[in-house]
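Novice: The structure's right below; bear with me while I get my questions together.
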Amino acid sequence: QQHHTGKKIRRTSQISKYFSFQSSNTRNMSALTPISGTASSGPTTLIFKEKRGPSLSGDSGKVKDAEGNTVYSIDAHLMTMSERRTLKDASGADVGQCRRKKTPGLHPTYYIGTMDDDKKCAVKVKGLMNITKCDADIYLGDTVVGEASGNWRAKSYQINLQGQQVAEVKRKTGAMGHLLDADSYVMEIAPGVDTAFVVMVVIALDELYHDNSGN
């Protein structure tokens, strides 16, 4: 009987470990895929091309893959007080939305969310606004799940989630390293991440820092 009891305890312990792992894995996944709920299967390169408007996510904001196919488009509602943006996929379906926090605070904040929960996530500038740096916390609900850091003026920064780098954002350059287009930005996104979420974090950072860049 003791032998059977020992087996039961071991089996119960294994089951509890499994569910503990699954729960932890689910939490990690929710932080990596909070908008579309789907994760990229491999490394993804996406390119922003600003056609017109005051900032990256102006009226004609497009996000394309390395082959030039449109993956996302950004619909800007410039007449609203919060300047809401809607992210649409290649078929024109709404994926998510982002907007400025309406009430000003000590740390400028931009909300990122799904179509039915516009405050699901947020990007909040750390410390004092400094356009030579990119330094912001990324929230899921009230919990900090990541950060963006780098050099905003040079448009070169990294996005980290759950302690791991999930994306690198930089200006588009040619084979010899020269700048190809001042208005093109390249995002190198790691596998297992919601690309829509990364795009919206980049939009939020652009909106937060553009207003203070004097450009």
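Numbering starts fresh at 1 for the residues of each chain in the structure tokens, the chains themselves are lettered A, B, ... in the order given, and ligands are numbered from 1 as they appear.
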Please identify the strand (DSSP E or B) residues within region 34-172 of chain A (assignment by DSSP from backbone atoms) and present them as a PyMOL selection string.

Specialist: chain A and resi 44-49+62-65+70-76+85-89+94-100+109-114+117-125+134-140+143-151+156-161+164-172

Novice: Can you pull out every residue within 6 Å of Tyr139 (chain A), counting only C-alpha atoms, but drop anything in the same chain fewer than 4 positions away, and send it as a PyMOL selection string?

Specialist: chain A and resi 121-122+143-145

Novice: Can you spit out the residues from that selection as an mmCIF file, in the first residue's frame, using all heavy atoms?

Specialist:
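Below you can see selection15.cif, which holds the result:
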data_model
loop_
_atom_site.group_PDB
_atom_site.id
_atom_site.type_symbol
_atom_site.label_atom_id
_atom_site.label_comp_id
_atom_site.auth_asym_id
_atom_site.auth_seq_id
_atom_site.Cartn_x
_atom_site.Cartn_y
_atom_site.Cartn_z
ATOM 1 N N CYS A 121 -2.977 46.905 -23.253
ATOM 2 C CA CYS A 121 -1.541 47.105 -23.054
ATOM 3 C C CYS A 121 -1.248 48.603 -23.095
ATOM 4 O O CYS A 121 -2.096 49.402 -23.481
ATOM 5 C CB CYS A 121 -0.735 46.402 -24.145
ATOM 6 S SG CYS A 121 -1.097 44.648 -24.339
ATOM 7 N N ALA A 122 -0.033 48.962 -22.707
ATOM 8 C CA ALA A 122 0.360 50.369 -22.756
ATOM 9 C C ALA A 122 1.871 50.472 -22.913
ATOM 10 O O ALA A 122 2.619 49.581 -22.521
ATOM 11 C CB ALA A 122 -0.086 51.102 -21.497
ATOM 12 N N THR A 143 0.819 45.260 -15.315
ATOM 13 C CA THR A 143 2.108 44.590 -15.115
ATOM 14 C C THR A 143 3.101 44.952 -16.208
ATOM 15 O O THR A 143 2.778 44.902 -17.397
ATOM 16 C CB THR A 143 1.922 43.056 -15.108
ATOM 17 O OG1 THR A 143 0.955 42.710 -14.124
ATOM 18 C CG2 THR A 143 3.229 42.353 -14.802
ATOM 19 N N VAL A 144 4.318 45.335 -15.798
ATOM 20 C CA VAL A 144 5.376 45.590 -16.778
ATOM 21 C C VAL A 144 5.858 44.250 -17.324
ATOM 22 O O VAL A 144 6.321 43.394 -16.574
ATOM 23 C CB VAL A 144 6.556 46.358 -16.140
ATOM 24 C CG1 VAL A 144 7.693 46.523 -17.151
ATOM 25 C CG2 VAL A 144 6.106 47.715 -15.637
ATOM 26 N N VAL A 145 5.737 44.058 -18.641
ATOM 27 C CA VAL A 145 6.147 42.788 -19.265
ATOM 28 C C VAL A 145 7.346 42.964 -20.181
ATOM 29 O O VAL A 145 7.881 41.989 -20.711
ATOM 30 C CB VAL A 145 4.984 42.148 -20.054
ATOM 31 C CG1 VAL A 145 3.859 41.727 -19.117
ATOM 32 C CG2 VAL A 145 4.467 43.077 -21.150
#

Novice: Counting only C-alpha atoms, what are the residues of region 80-170 of chain A within 10 Å of region 60-71 of chain A, and for each of them which pair of atoms is the nearest and at what distance in Å, to one decimal? Sort the table by chain and rising number, as CSV.

Specialist:
residue,atom,partner,partner_atom,distance
A:Leu87,CA,A:Gly61,CA,9.7
A:Lys88,CA,A:Val71,CA,8.5
A:Asp89,CA,A:Val71,CA,5.9
A:Ala90,CA,A:Val71,CA,5.0
A:Ser91,CA,A:Val71,CA,8.8
A:Gly92,CA,A:Val71,CA,9.9

Novice: Write the residues of the preceding selection, restricted to all heavy atoms, as a PDB file, in the first residue's frame.

Specialist:
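File written: again15.pdb
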ATOM      1  N   LEU A  87      -5.045  49.295 -36.593  1.00  0.00           N
ATOM      2  CA  LEU A  87      -4.168  48.436 -37.397  1.00  0.00           C
ATOM      3  C   LEU A  87      -5.025  47.422 -38.133  1.00  0.00           C
ATOM      4  O   LEU A  87      -5.841  46.724 -37.533  1.00  0.00           O
ATOM      5  CB  LEU A  87      -3.160  47.719 -36.494  1.00  0.00           C
ATOM      6  CG  LEU A  87      -2.035  46.977 -37.236  1.00  0.00           C
ATOM      7  CD1 LEU A  87      -1.036  47.974 -37.825  1.00  0.00           C
ATOM      8  CD2 LEU A  87      -1.321  46.008 -36.295  1.00  0.00           C
ATOM      9  N   LYS A  88      -4.843  47.357 -39.449  1.00  0.00           N
ATOM     10  CA  LYS A  88      -5.609  46.421 -40.278  1.00  0.00           C
ATOM     11  C   LYS A  88      -4.660  45.426 -40.940  1.00  0.00           C
ATOM     12  O   LYS A  88      -3.515  45.769 -41.249  1.00  0.00           O
ATOM     13  CB  LYS A  88      -6.387  47.182 -41.357  1.00  0.00           C
ATOM     14  CG  LYS A  88      -7.421  48.165 -40.811  1.00  0.00           C
ATOM     15  CD  LYS A  88      -8.070  48.958 -41.942  1.00  0.00           C
ATOM     16  CE  LYS A  88      -9.110  49.944 -41.414  1.00  0.00           C
ATOM     17  NZ  LYS A  88     -10.320  49.276 -40.901  1.00  0.00           N
ATOM     18  N   ASP A  89      -5.143  44.212 -41.151  1.00  0.00           N
ATOM     19  CA  ASP A  89      -4.303  43.229 -41.833  1.00  0.00           C
ATOM     20  C   ASP A  89      -4.413  43.420 -43.346  1.00  0.00           C
ATOM     21  O   ASP A  89      -5.071  44.349 -43.832  1.00  0.00           O
ATOM     22  CB  ASP A  89      -4.652  41.799 -41.400  1.00  0.00           C
ATOM     23  CG  ASP A  89      -6.057  41.381 -41.806  1.00  0.00           C
ATOM     24  OD1 ASP A  89      -6.671  42.035 -42.673  1.00  0.00           O
ATOM     25  OD2 ASP A  89      -6.550  40.375 -41.256  1.00  0.00           O
ATOM     26  N   ALA A  90      -3.762  42.534 -44.106  1.00  0.00           N
ATOM     27  CA  ALA A  90      -3.703  42.686 -45.563  1.00  0.00           C
ATOM     28  C   ALA A  90      -5.081  42.625 -46.209  1.00  0.00           C
ATOM     29  O   ALA A  90      -5.296  43.196 -47.286  1.00  0.00           O
ATOM     30  CB  ALA A  90      -2.793  41.616 -46.159  1.00  0.00           C
ATOM     31  N   SER A  91      -6.034  41.953 -45.558  1.00  0.00           N
ATOM     32  CA  SER A  91      -7.383  41.839 -46.116  1.00  0.00           C
ATOM     33  C   SER A  91      -8.277  43.021 -45.731  1.00  0.00           C
ATOM     34  O   SER A  91      -9.414  43.120 -46.173  1.00  0.00           O
ATOM     35  CB  SER A  91      -8.043  40.533 -45.654  1.00  0.00           C
ATOM     36  OG  SER A  91      -8.349  40.596 -44.265  1.00  0.00           O
ATOM     37  N   GLY A  92      -7.756  43.915 -44.880  1.00  0.00           N
ATOM     38  CA  GLY A  92      -8.530  45.075 -44.448  1.00  0.00           C
ATOM     39  C   GLY A  92      -9.276  44.870 -43.141  1.00  0.00           C
ATOM     40  O   GLY A  92      -9.985  45.760 -42.683  1.00  0.00           O
TER      41      GLY A  92
END

Novice: Of the candidates A:Asp135, A:Ile35, A:Glu147, A:Ala154, which one gets nearest to Asp118 (chain A) if we count only C-alpha atoms?

Specialist: A:Ile35

Novice: At what distance in Å, to one decimal, does CA of Glu168 (chain A) lie from CA of Ala93 (chain A)?

Specialist: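 Result for CA of Ala93 (chain A) versus CA of Glu168 (chain A): 26.3 Å, one decimal.
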
Novice: For Ala204 (chain A), list every protein, DNA or RNA residue within 8 Å, evaluated using only C-alpha atoms, and leave out those in the same chain fewer than 6 positions away; present the list as a PyMOL selection string.

Specialist: chain A and resi 98-99+110-112+123

Novice: Let's have the selection written as a compact mmCIF listing (two decimals), in the first residue's frame, with C-alpha atoms.

Specialist:
# COMPACT_ATOMS: atom_id res chain seq x y z
CA CYS A 98 -3.82 52.28 -30.20
CA ARG A 99 -4.30 55.78 -28.87
CA TYR A 110 0.11 55.35 -25.31
CA TYR A 111 -2.51 52.60 -25.04
CA ILE A 112 -2.40 49.49 -27.24
CA VAL A 123 3.71 51.92 -23.59

Novice: Would you mind reading off the distance between CA of Pro34 (chain A) and CA of Ala196 (chain A), one decimal, in Å?

Specialist: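 These atoms are spaced 9.1 Å apart.
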
Novice: Using only C-alpha atoms, which of the listed residues (A:Glu188, A:Asp94, A:Glu83, A:Asp137) sits closest to Gln162 (chain A)?

Specialist: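 Of the candidates, the smallest distance to Gln162 (chain A) is held by A:Asp137.
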
Novice: Which is closer to Lys170 (chain A) than all the others in A:Asp116, A:Arg100, A:Phe197, A:Val202, using only C-alpha atoms?

Specialist: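 Nearest to Lys170 (chain A): A:Val202.
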
Novice: Using only C-alpha atoms for the distances, tell me which of A:Pro108, A:Ser40, A:Ala148, A:Ile47 is nearest to Lys133 (chain A).

Specialist: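 Distance minimum relative to Lys133 (chain A) lands on A:Ala148.
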
Novice: So the first atom is CA of Ile74 (chain A) and the second is CA of Glu207 (chain A); what is the distance between them in Å, to one decimal place?

Specialist: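 Between these atoms lies a distance of 12.8 Å.
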
Novice: Point out the residue among A:His107, A:Leu205, A:Gly192, A:Ala39 with the least atom-to-atom distance to Gly150 (chain A), counting only C-alpha atoms.

Specialist: A:Leu205
